[in-house]
Amino acid sequence: MRMLSEILPFCLVRLESLEWNQNGKKVDLPFRWTPMNVPNVFETKICLSLSNPNERPYLRAWFGGESLIKVDDREFGEINEYHREISLAEISDGKVHKLTVETMPRGLFGTKSEPIFSEGSVVWYDVDMRRAINFFKNVAESIRETKNDALSKALINLLFKFLPKVALPKSTDIYIKSLAENIAEKGVVGSVWEPVDISQSYILWSHEIREIVLNSYNNFRNELKTLSMRFPKIEKVYLAGHAHIDYAWLWPVEETKRKIVRTFANAVQLAKKYPEFIYIQSSAQMYDDLKEISPELYEEIKDLVKKGQWEPVGGMWVESDCNVPSIESLIRQFYYGQKFFEEEFGNISKVAWLPDVFGFSWILPQVLKGSGIDFFVTTKLNWNESNEFPYDICRWRGIDGTEVVYYNYKNMEEGYNGRISAKSILNTWENFRQKELTNKVFLTFGYGDGGGGPTEEMCENYYALREIPGVPNIEYSTTERFFENLLTDFSKEELPVWDGELYLELHRGTLTSQSRTKRLHKAAEDELRTTEILNALYSTDYQPSIDSLWKILLRNEFHDILPGSSIHEVYEKTNEELEFVIRQCKEIQTRIISAASENLDNLTIFNPSSYERNIEFEYDKDVEIRFNDIVLNKARTYSGTYLYSADIALKPLQAEILKVERNVCDGNNSEDLVDKEFFIHKMDNVYTVESKILKVDVFRDGSIQIYNKLLQKYAFKDNGNLMALYKDIPAYWDNWDIDYRSKLSEKVISAENISIVEDNVLRKVLKVVYRIENSVIEQWYIIENNSEEVKVRTKIDWHLRRSVLKVKFPTNVLARYAKFDIDGGYIERATHRNTNFEKARFEVLAHRWVDLSQYDFGVTIINDGKYGHSVEESTIDMTLVKAGIYPDFYDDEGIQELSYSIYLHGKCDLVDIIKRSDTFNKKCVVFEGYASAQQMINITPANFKILSYRKLGSKKILRICEQVGSSGIVNINTNFDFERAYITNLLEKEHIEVQNIDGSISFEYTPFKIYTVVFE
């Protein structure tokens, strides 16, 4: 390689300086600029002509950070630390062009860059000589990377047969002049105490040296063809240019939008220069951003899509997290993403593209298939820290039995940010573990995470490596064409099956990090659902506005935003946007009800749950409220609001009218009533609450014991609801990971104070306060009359770093498996740690509930916004806080709120658990005014959850999901008129007609299946 580097300086044919301006004033280089109003802008004029077919001009520059190059105000290309030269051949037409540079003083990964404009000139290269040197370089790299000793020796012999014959001038004066362009020796010579001056580049090119180099090159290639017959290419690597652009990570979203323009402009230039070049890019959001920022560049991309040189891949709005979002959010990722792709580019994608996502829920295959996706690509399971995932190709079977083709490629040269290089190509092929199936693999190339994408050097390597023996055949390809070719070698039925979640044995802390954001996200999901339902029930036309709000939510599900692995500035913006979604949803809901209201002396109460529930809500006014002739129970709560309730059932999605007597304050006030079977007392520092069903002891350390009188069972071995603090210092990925050894530092915290804050016939409430250094945890134990649950409202004011807070429930249950809610059903995981796979799953995903049951009883923990859990032996843990220091030093700092419920039950009835979970999370909503709604839906049996119900034009679209794993006939009764009903896929593309019998439809269902039913 050093021998080749000595030839490089002789490729430089011409050097032309440029005169640069900033704000109309000339700048002299090097120029330090002030990063105040960024991006910083520099300008120059340029006029170039191609007089020699062997010479090409390049802008060689460094402006002090990532830079967008514009030509005549159109996006042209990018300068970054890996890409400091950009071809100007396209504008070498003899005309004057304006070059504008927009520079951010940052590197690709958000690190600060010195704002120094150090270089900005035009260099002309002998492209034939550069191609020859690049060819030799690729041969040398192939020698280094191949494991075929015979081939290595043959290539070495051939290389040294020709390279030593390239005679270059060796005089000291010329050698010094060559050092500025000699990338191998420049740093070495310049590193000594007093180096020679190597700051200036000189023109050393000559016809004689050109002939020597090209003659050696051509003769070498001719003899290499003979060698290729002895070492034929058998394997094939399909290549696609790619730039993994994190929508936010170590930079805010506004910078991402600049990265999109820079990276896409660069890829467009390469597509113009290299006709075979193919580029793939995911994320409808990025295309939507580009369409707004740079319509001209966007139209160029659309043309490349038509030509087959650019593939919009993935079908999603963004490359989202696939653990925390609800099943409906995942559906909407594909619904809006695929709709955008089809409307803008003419086709949906068949390939889910998620190379960097931190694990995949078991519900995903069904979502993929229902969204037109047949193939699923990730590389993330290569990151497993304990166990290798066993397959590179398999059928991934989802919870409902749906299958997609799973594909993984393992490239040890930067993974999905690979290169067109001997190293990337050879090791990707060698790492492929199922060579008995096929000789084809896939590889993406281009700088990524912070964007950048492919370079001209990579594209030039493509032509060299196609000729070098021992390196697999290479061919540019879209992902879809790759999979079409792959399936010519085998049928899907021949593939092994992975039936279960795709658990990443790393980044477990992302189930909890940035808890405030996760809670806001969950609240926004719930409000969007409620808003769509009300829009459908009241036949209003807010769906376009709701769609816009969905897209805001979806972009904030990106796999470095929602999991909690971005910088602090990202969460300031994300939380602001999620709060905006919540606020806008509530405003739309109010407008819907107000438009239908007839009398302001009434309240409209709405049940957003999929299940029947009794009337219960908090209201900030002390009034008498009636339902028909029944006066609701009322009690003042510890927070100053009023709790209203009645044993009156509200059906799913039912809206009813309540009468308000605003001048009556002495109605059915539960504070004046006494129930001798429901009381609270204190003895020996133990508070005890008893009802007909439960006896709850709250001990002086804040822990509790629950006894169910009907079951005659205790919930915990000794006591439960233990607050446990852990020191957590992960080896590498601070806000991503929870260290396995953190459990060794467990410290159970004792309460500082316990007090009774509410005591009435409706409920008893005790407040418990914990203090850890300068952090405070407040909990309110809420025991309701005639309830089988103990509800726990929690407020945390957190100010500790590198710490984890968990709540522990050491149950009395003996069970080898626990059930965990995944929103579209549940998954069972071992409670023992017999195998390495089980040991690795020490922190796992659950959505709204975790249940641990033996034959006769069990304990369920229901929550309203936590996702990190574990169950080991008989103990259920729920992670409340994960506070690391990087990249957001203030991860989980400050006030957070959550609620959960502890439910001691008899034999496990999953429908009962799911119903309780759903009603706990989807509380009654109360609106001012009289707004009756008659468009109710009744679904039987009760094992279905309503994922969404919305109005689209004249259509009503209902989506339901079977939750417990049963099959049978589902009946859907409506009291609104419709002419036809049909089942469709998630994109609403396929139709299976269902018979309408007097406003009722029935069809056969299977376990855990999602059904989208359209009424029109």
# chains A, B, ... in the order shown; residues from 1 in each chain; ligands from 1
$ select_by_dssp --residues "stretch 664-866 of chain A" --states "helix (DSSP H, G or I)" --output "ChimeraX atom specification"
/A:670-672,740-745,836-840
$ write_last_selection --atoms "N, CA and C atoms" --output "JSON list (two decimals), in the first residue's frame"
[["chain", "number", "residue", "atom", "x", "y", "z"],
["A", 670, "SER", "N", -70.43, 10.64, 49.77],
["A", 670, "SER", "CA", -69.95, 9.41, 50.38],
["A", 670, "SER", "C", -69.11, 9.65, 51.61],
["A", 671, "GLU", "N", -68.66, 10.90, 51.80],
["A", 671, "GLU", "CA", -67.90, 11.21, 53.00],
["A", 671, "GLU", "C", -68.78, 11.14, 54.25],
["A", 672, "ASP", "N", -70.11, 11.28, 54.06],
["A", 672, "ASP", "CA", -71.03, 11.24, 55.19],
["A", 672, "ASP", "C", -71.51, 9.83, 55.50],
["A", 740, "TYR", "N", -25.87, -6.56, 33.92],
["A", 740, "TYR", "CA", -26.35, -7.77, 34.59],
["A", 740, "TYR", "C", -25.93, -7.80, 36.06],
["A", 741, "ARG", "N", -24.76, -7.24, 36.34],
["A", 741, "ARG", "CA", -24.24, -7.28, 37.71],
["A", 741, "ARG", "C", -24.85, -6.21, 38.61],
["A", 742, "SER", "N", -25.69, -5.35, 38.05],
["A", 742, "SER", "CA", -26.32, -4.31, 38.86],
["A", 742, "SER", "C", -27.12, -4.90, 40.01],
["A", 743, "LYS", "N", -27.67, -6.09, 39.80],
["A", 743, "LYS", "CA", -28.51, -6.70, 40.85],
["A", 743, "LYS", "C", -27.72, -6.97, 42.13],
["A", 744, "LEU", "N", -26.38, -7.06, 42.00],
["A", 744, "LEU", "CA", -25.56, -7.32, 43.19],
["A", 744, "LEU", "C", -25.53, -6.14, 44.15],
["A", 745, "SER", "N", -25.91, -4.96, 43.65],
["A", 745, "SER", "CA", -25.87, -3.75, 44.49],
["A", 745, "SER", "C", -27.25, -3.41, 45.06],
["A", 836, "ASN", "N", -28.50, -20.42, 29.10],
["A", 836, "ASN", "CA", -27.90, -19.11, 28.83],
["A", 836, "ASN", "C", -28.90, -18.16, 28.18],
["A", 837, "PHE", "N", -29.80, -18.71, 27.34],
["A", 837, "PHE", "CA", -30.82, -17.88, 26.72],
["A", 837, "PHE", "C", -31.72, -17.27, 27.79],
["A", 838, "GLU", "N", -32.10, -18.05, 28.79],
["A", 838, "GLU", "CA", -32.96, -17.54, 29.86],
["A", 838, "GLU", "C", -32.22, -16.56, 30.76],
["A", 839, "LYS", "N", -30.96, -16.84, 31.01],
["A", 839, "LYS", "CA", -30.17, -15.91, 31.83],
["A", 839, "LYS", "C", -30.04, -14.55, 31.16],
["A", 840, "ALA", "N", -29.95, -14.56, 29.83],
["A", 840, "ALA", "CA", -29.79, -13.31, 29.09],
["A", 840, "ALA", "C", -31.03, -12.44, 29.14]]
$ residues_around --residues "A:Gly999" --least-positions-apart "4" --cutoff "9 Å" --atoms "only C-alpha atoms" --output "ChimeraX atom specification"
/A:972-979
$ closest_residue --among "A:Ile86, A:Ile293, A:Ile561, A:Ala724" --to "A:Ser803" --atoms "only C-alpha atoms"
A:Ala724
$ residues_around --residues "A:Ile902" --least-positions-apart "5" --cutoff "8 Å" --atoms "only C-alpha atoms" --output "PyMOL selection string"
chain A and resi 789-792+859-862
$ residues_around --residues "A:Gly24" --least-positions-apart "4" --cutoff "12 Å" --atoms "only C-alpha atoms" --output "list in words"
Glu19, Trp20, Val41, Phe42, Glu43 and Thr44 of chain A
$ residues_around --residues "A:Gln584" --least-positions-apart "5" --cutoff "9 Å" --atoms "only C-alpha atoms" --output "list of chain:residue names"
A:Ile546, A:Leu549, A:Glu579, A:Gln589
$ closest_residue --among "A:Gly107, A:Pro9, A:Gly868, A:Pro608" --to "A:Ile533" --atoms "only C-alpha atoms"
A:Pro608
$ residues_around --residues "A:Gly314" --least-positions-apart "4" --cutoff "8 Å" --atoms "only C-alpha atoms" --output "MDAnalysis selection string"
chainID A and resid 282:283 319 349:354
$ residues_around --residues "stretch 483-497 of chain A" --least-positions-apart "6" --cutoff "8 Å" --atoms "only C-alpha atoms" --output "PDB file with N, CA and C atoms, in the first residue's frame"
ATOM      1  N   PHE A 375     -40.640  -9.755   3.459  1.00  0.00           N
ATOM      2  CA  PHE A 375     -39.264  -9.993   3.898  1.00  0.00           C
ATOM      3  C   PHE A 375     -38.894  -9.001   4.993  1.00  0.00           C
ATOM      4  N   ILE A 393     -31.016 -16.822   7.664  1.00  0.00           N
ATOM      5  CA  ILE A 393     -32.275 -16.854   6.918  1.00  0.00           C
ATOM      6  C   ILE A 393     -33.188 -17.848   7.622  1.00  0.00           C
ATOM      7  N   CYS A 394     -34.409 -17.426   7.863  1.00  0.00           N
ATOM      8  CA  CYS A 394     -35.386 -18.347   8.430  1.00  0.00           C
ATOM      9  C   CYS A 394     -36.775 -17.791   8.184  1.00  0.00           C
ATOM     10  N   ARG A 395     -37.755 -18.592   8.538  1.00  0.00           N
ATOM     11  CA  ARG A 395     -39.121 -18.079   8.587  1.00  0.00           C
ATOM     12  C   ARG A 395     -39.374 -17.616  10.015  1.00  0.00           C
ATOM     13  N   TRP A 396     -39.702 -16.335  10.146  1.00  0.00           N
ATOM     14  CA  TRP A 396     -40.042 -15.829  11.468  1.00  0.00           C
ATOM     15  C   TRP A 396     -41.549 -15.924  11.631  1.00  0.00           C
ATOM     16  N   ARG A 397     -41.958 -16.735  12.583  1.00  0.00           N
ATOM     17  CA  ARG A 397     -43.385 -16.972  12.813  1.00  0.00           C
ATOM     18  C   ARG A 397     -43.863 -16.113  13.974  1.00  0.00           C
ATOM     19  N   VAL A 405     -40.125 -13.921   5.814  1.00  0.00           N
ATOM     20  CA  VAL A 405     -38.736 -14.374   5.669  1.00  0.00           C
ATOM     21  C   VAL A 405     -37.827 -13.402   6.419  1.00  0.00           C
ATOM     22  N   LEU A 437     -27.902 -23.576   1.651  1.00  0.00           N
ATOM     23  CA  LEU A 437     -29.132 -23.107   1.014  1.00  0.00           C
ATOM     24  C   LEU A 437     -28.864 -22.311  -0.253  1.00  0.00           C
ATOM     25  N   THR A 438     -27.838 -21.460  -0.223  1.00  0.00           N
ATOM     26  CA  THR A 438     -27.618 -20.533  -1.325  1.00  0.00           C
ATOM     27  C   THR A 438     -26.187 -20.022  -1.307  1.00  0.00           C
ATOM     28  N   LYS A 440     -25.758 -16.805  -2.283  1.00  0.00           N
ATOM     29  CA  LYS A 440     -26.038 -15.389  -2.449  1.00  0.00           C
ATOM     30  C   LYS A 440     -26.206 -14.719  -1.091  1.00  0.00           C
TER      31      LYS A 440
END
$ select_by_dssp --residues "stretch 536-660 of chain A" --states "strand (DSSP E)" --output "PyMOL selection string"
chain A and resi 602-606+613-619+624-627+630-631+633-636+642-650+655-660
$ closest_residue --among "A:Glu527, A:Glu784, A:Glu385, A:Asp601" --to "A:Phe580" --atoms "only C-alpha atoms"
A:Glu527
$ closest_residue --among "A:Ser610, A:Asn735, A:Thr811, A:Ser424" --to "A:Leu650" --atoms "only C-alpha atoms"
A:Ser610
$ atom_distance --atom1 "atom CA of A:Thr688" --atom2 "atom CA of A:Leu766"
10.0 Å
$ atom_distance --atom1 "atom CA of A:Gln705" --atom2 "atom CA of A:Leu722"
10.7 Å
$ atom_distance --atom1 "atom CA of A:Pro365" --atom2 "atom CA of A:Val911"
23.6 Å
$ closest_residue --among "A:Phe699, A:Tyr279, A:Trp550, A:Tyr726" --to "A:Lys882" --atoms "only C-alpha atoms"
A:Tyr726
$ decode --residues "stretch 742-779 of chain A" --atoms "N, CA and C atoms" --output "PDB file, in the first residue's frame"
ATOM      1  N   SER A 742     -25.692  -5.351  38.046  1.00  0.00           N
ATOM      2  CA  SER A 742     -26.321  -4.311  38.859  1.00  0.00           C
ATOM      3  C   SER A 742     -27.120  -4.902  40.012  1.00  0.00           C
ATOM      4  N   LYS A 743     -27.671  -6.086  39.804  1.00  0.00           N
ATOM      5  CA  LYS A 743     -28.512  -6.698  40.846  1.00  0.00           C
ATOM      6  C   LYS A 743     -27.718  -6.968  42.128  1.00  0.00           C
ATOM      7  N   LEU A 744     -26.379  -7.059  42.004  1.00  0.00           N
ATOM      8  CA  LEU A 744     -25.557  -7.324  43.187  1.00  0.00           C
ATOM      9  C   LEU A 744     -25.526  -6.138  44.151  1.00  0.00           C
ATOM     10  N   SER A 745     -25.910  -4.958  43.648  1.00  0.00           N
ATOM     11  CA  SER A 745     -25.872  -3.754  44.488  1.00  0.00           C
ATOM     12  C   SER A 745     -27.246  -3.406  45.059  1.00  0.00           C
ATOM     13  N   GLU A 746     -28.182  -4.321  45.006  1.00  0.00           N
ATOM     14  CA  GLU A 746     -29.557  -4.025  45.420  1.00  0.00           C
ATOM     15  C   GLU A 746     -29.639  -3.475  46.839  1.00  0.00           C
ATOM     16  N   LYS A 747     -30.382  -2.407  46.990  1.00  0.00           N
ATOM     17  CA  LYS A 747     -30.640  -1.803  48.296  1.00  0.00           C
ATOM     18  C   LYS A 747     -32.129  -1.496  48.388  1.00  0.00           C
ATOM     19  N   VAL A 748     -32.827  -2.189  49.283  1.00  0.00           N
ATOM     20  CA  VAL A 748     -34.257  -1.952  49.469  1.00  0.00           C
ATOM     21  C   VAL A 748     -34.436  -0.728  50.365  1.00  0.00           C
ATOM     22  N   ILE A 749     -35.274   0.201  49.940  1.00  0.00           N
ATOM     23  CA  ILE A 749     -35.434   1.493  50.606  1.00  0.00           C
ATOM     24  C   ILE A 749     -36.623   1.439  51.560  1.00  0.00           C
ATOM     25  N   SER A 750     -36.449   2.029  52.714  1.00  0.00           N
ATOM     26  CA  SER A 750     -37.533   2.114  53.704  1.00  0.00           C
ATOM     27  C   SER A 750     -38.199   3.474  53.633  1.00  0.00           C
ATOM     28  N   ALA A 751     -39.480   3.480  53.946  1.00  0.00           N
ATOM     29  CA  ALA A 751     -40.251   4.715  53.892  1.00  0.00           C
ATOM     30  C   ALA A 751     -39.838   5.666  55.007  1.00  0.00           C
ATOM     31  N   GLU A 752     -39.971   6.947  54.725  1.00  0.00           N
ATOM     32  CA  GLU A 752     -39.687   7.992  55.701  1.00  0.00           C
ATOM     33  C   GLU A 752     -40.947   8.387  56.470  1.00  0.00           C
ATOM     34  N   ASN A 753     -42.091   8.296  55.786  1.00  0.00           N
ATOM     35  CA  ASN A 753     -43.332   8.736  56.416  1.00  0.00           C
ATOM     36  C   ASN A 753     -44.525   8.032  55.781  1.00  0.00           C
ATOM     37  N   ILE A 754     -45.533   7.714  56.589  1.00  0.00           N
ATOM     38  CA  ILE A 754     -46.782   7.110  56.122  1.00  0.00           C
ATOM     39  C   ILE A 754     -47.923   7.874  56.765  1.00  0.00           C
ATOM     40  N   SER A 755     -48.967   8.191  55.978  1.00  0.00           N
ATOM     41  CA  SER A 755     -50.105   8.920  56.531  1.00  0.00           C
ATOM     42  C   SER A 755     -51.380   8.560  55.785  1.00  0.00           C
ATOM     43  N   ILE A 756     -52.509   8.710  56.468  1.00  0.00           N
ATOM     44  CA  ILE A 756     -53.819   8.519  55.841  1.00  0.00           C
ATOM     45  C   ILE A 756     -54.216   9.851  55.212  1.00  0.00           C
ATOM     46  N   VAL A 757     -54.501   9.853  53.919  1.00  0.00           N
ATOM     47  CA  VAL A 757     -54.847  11.096  53.238  1.00  0.00           C
ATOM     48  C   VAL A 757     -56.276  11.104  52.703  1.00  0.00           C
ATOM     49  N   GLU A 758     -56.932   9.949  52.724  1.00  0.00           N
ATOM     50  CA  GLU A 758     -58.318   9.902  52.266  1.00  0.00           C
ATOM     51  C   GLU A 758     -59.007   8.722  52.940  1.00  0.00           C
ATOM     52  N   ASP A 759     -60.184   8.995  53.488  1.00  0.00           N
ATOM     53  CA  ASP A 759     -60.917   7.956  54.214  1.00  0.00           C
ATOM     54  C   ASP A 759     -62.397   8.210  54.031  1.00  0.00           C
ATOM     55  N   ASN A 760     -63.007   7.507  53.107  1.00  0.00           N
ATOM     56  CA  ASN A 760     -64.443   7.630  52.877  1.00  0.00           C
ATOM     57  C   ASN A 760     -64.991   6.278  52.468  1.00  0.00           C
ATOM     58  N   VAL A 761     -66.269   6.213  52.212  1.00  0.00           N
ATOM     59  CA  VAL A 761     -66.896   4.924  51.935  1.00  0.00           C
ATOM     60  C   VAL A 761     -66.527   4.385  50.551  1.00  0.00           C
ATOM     61  N   LEU A 762     -66.034   5.254  49.676  1.00  0.00           N
ATOM     62  CA  LEU A 762     -65.642   4.807  48.337  1.00  0.00           C
ATOM     63  C   LEU A 762     -64.242   4.213  48.315  1.00  0.00           C
ATOM     64  N   ARG A 763     -63.328   4.818  49.072  1.00  0.00           N
ATOM     65  CA  ARG A 763     -61.969   4.304  49.048  1.00  0.00           C
ATOM     66  C   ARG A 763     -61.164   4.835  50.228  1.00  0.00           C
ATOM     67  N   LYS A 764     -60.090   4.133  50.524  1.00  0.00           N
ATOM     68  CA  LYS A 764     -59.122   4.560  51.528  1.00  0.00           C
ATOM     69  C   LYS A 764     -57.794   4.776  50.803  1.00  0.00           C
ATOM     70  N   VAL A 765     -57.090   5.850  51.199  1.00  0.00           N
ATOM     71  CA  VAL A 765     -55.822   6.177  50.553  1.00  0.00           C
ATOM     72  C   VAL A 765     -54.774   6.474  51.608  1.00  0.00           C
ATOM     73  N   LEU A 766     -53.636   5.779  51.505  1.00  0.00           N
ATOM     74  CA  LEU A 766     -52.495   6.065  52.367  1.00  0.00           C
ATOM     75  C   LEU A 766     -51.355   6.586  51.511  1.00  0.00           C
ATOM     76  N   LYS A 767     -50.677   7.596  52.043  1.00  0.00           N
ATOM     77  CA  LYS A 767     -49.534   8.170  51.343  1.00  0.00           C
ATOM     78  C   LYS A 767     -48.248   7.695  52.012  1.00  0.00           C
ATOM     79  N   VAL A 768     -47.305   7.237  51.204  1.00  0.00           N
ATOM     80  CA  VAL A 768     -46.007   6.750  51.679  1.00  0.00           C
ATOM     81  C   VAL A 768     -44.916   7.563  50.992  1.00  0.00           C
ATOM     82  N   VAL A 769     -43.963   8.054  51.777  1.00  0.00           N
ATOM     83  CA  VAL A 769     -42.887   8.885  51.237  1.00  0.00           C
ATOM     84  C   VAL A 769     -41.542   8.205  51.487  1.00  0.00           C
ATOM     85  N   TYR A 770     -40.741   8.094  50.427  1.00  0.00           N
ATOM     86  CA  TYR A 770     -39.379   7.576  50.506  1.00  0.00           C
ATOM     87  C   TYR A 770     -38.427   8.697  50.109  1.00  0.00           C
ATOM     88  N   ARG A 771     -37.227   8.661  50.673  1.00  0.00           N
ATOM     89  CA  ARG A 771     -36.216   9.649  50.303  1.00  0.00           C
ATOM     90  C   ARG A 771     -34.875   8.927  50.106  1.00  0.00           C
ATOM     91  N   ILE A 772     -34.240   9.206  48.956  1.00  0.00           N
ATOM     92  CA  ILE A 772     -32.908   8.664  48.673  1.00  0.00           C
ATOM     93  C   ILE A 772     -32.018   9.849  48.316  1.00  0.00           C
ATOM     94  N   GLU A 773     -31.120  10.203  49.217  1.00  0.00           N
ATOM     95  CA  GLU A 773     -30.324  11.426  49.034  1.00  0.00           C
ATOM     96  C   GLU A 773     -31.268  12.590  48.744  1.00  0.00           C
ATOM     97  N   ASN A 774     -31.152  13.213  47.558  1.00  0.00           N
ATOM     98  CA  ASN A 774     -32.033  14.340  47.250  1.00  0.00           C
ATOM     99  C   ASN A 774     -33.187  13.956  46.331  1.00  0.00           C
ATOM    100  N   SER A 775     -33.474  12.669  46.223  1.00  0.00           N
ATOM    101  CA  SER A 775     -34.597  12.197  45.417  1.00  0.00           C
ATOM    102  C   SER A 775     -35.745  11.767  46.331  1.00  0.00           C
ATOM    103  N   VAL A 776     -36.965  12.001  45.861  1.00  0.00           N
ATOM    104  CA  VAL A 776     -38.152  11.700  46.663  1.00  0.00           C
ATOM    105  C   VAL A 776     -39.107  10.840  45.849  1.00  0.00           C
ATOM    106  N   ILE A 777     -39.617   9.790  46.493  1.00  0.00           N
ATOM    107  CA  ILE A 777     -40.641   8.933  45.899  1.00  0.00           C
ATOM    108  C   ILE A 777     -41.883   9.040  46.771  1.00  0.00           C
ATOM    109  N   GLU A 778     -42.997   9.407  46.174  1.00  0.00           N
ATOM    110  CA  GLU A 778     -44.274   9.458  46.877  1.00  0.00           C
ATOM    111  C   GLU A 778     -45.205   8.427  46.265  1.00  0.00           C
ATOM    112  N   GLN A 779     -45.843   7.637  47.120  1.00  0.00           N
ATOM    113  CA  GLN A 779     -46.802   6.655  46.641  1.00  0.00           C
ATOM    114  C   GLN A 779     -48.112   6.803  47.409  1.00  0.00           C
TER     115      GLN A 779
END
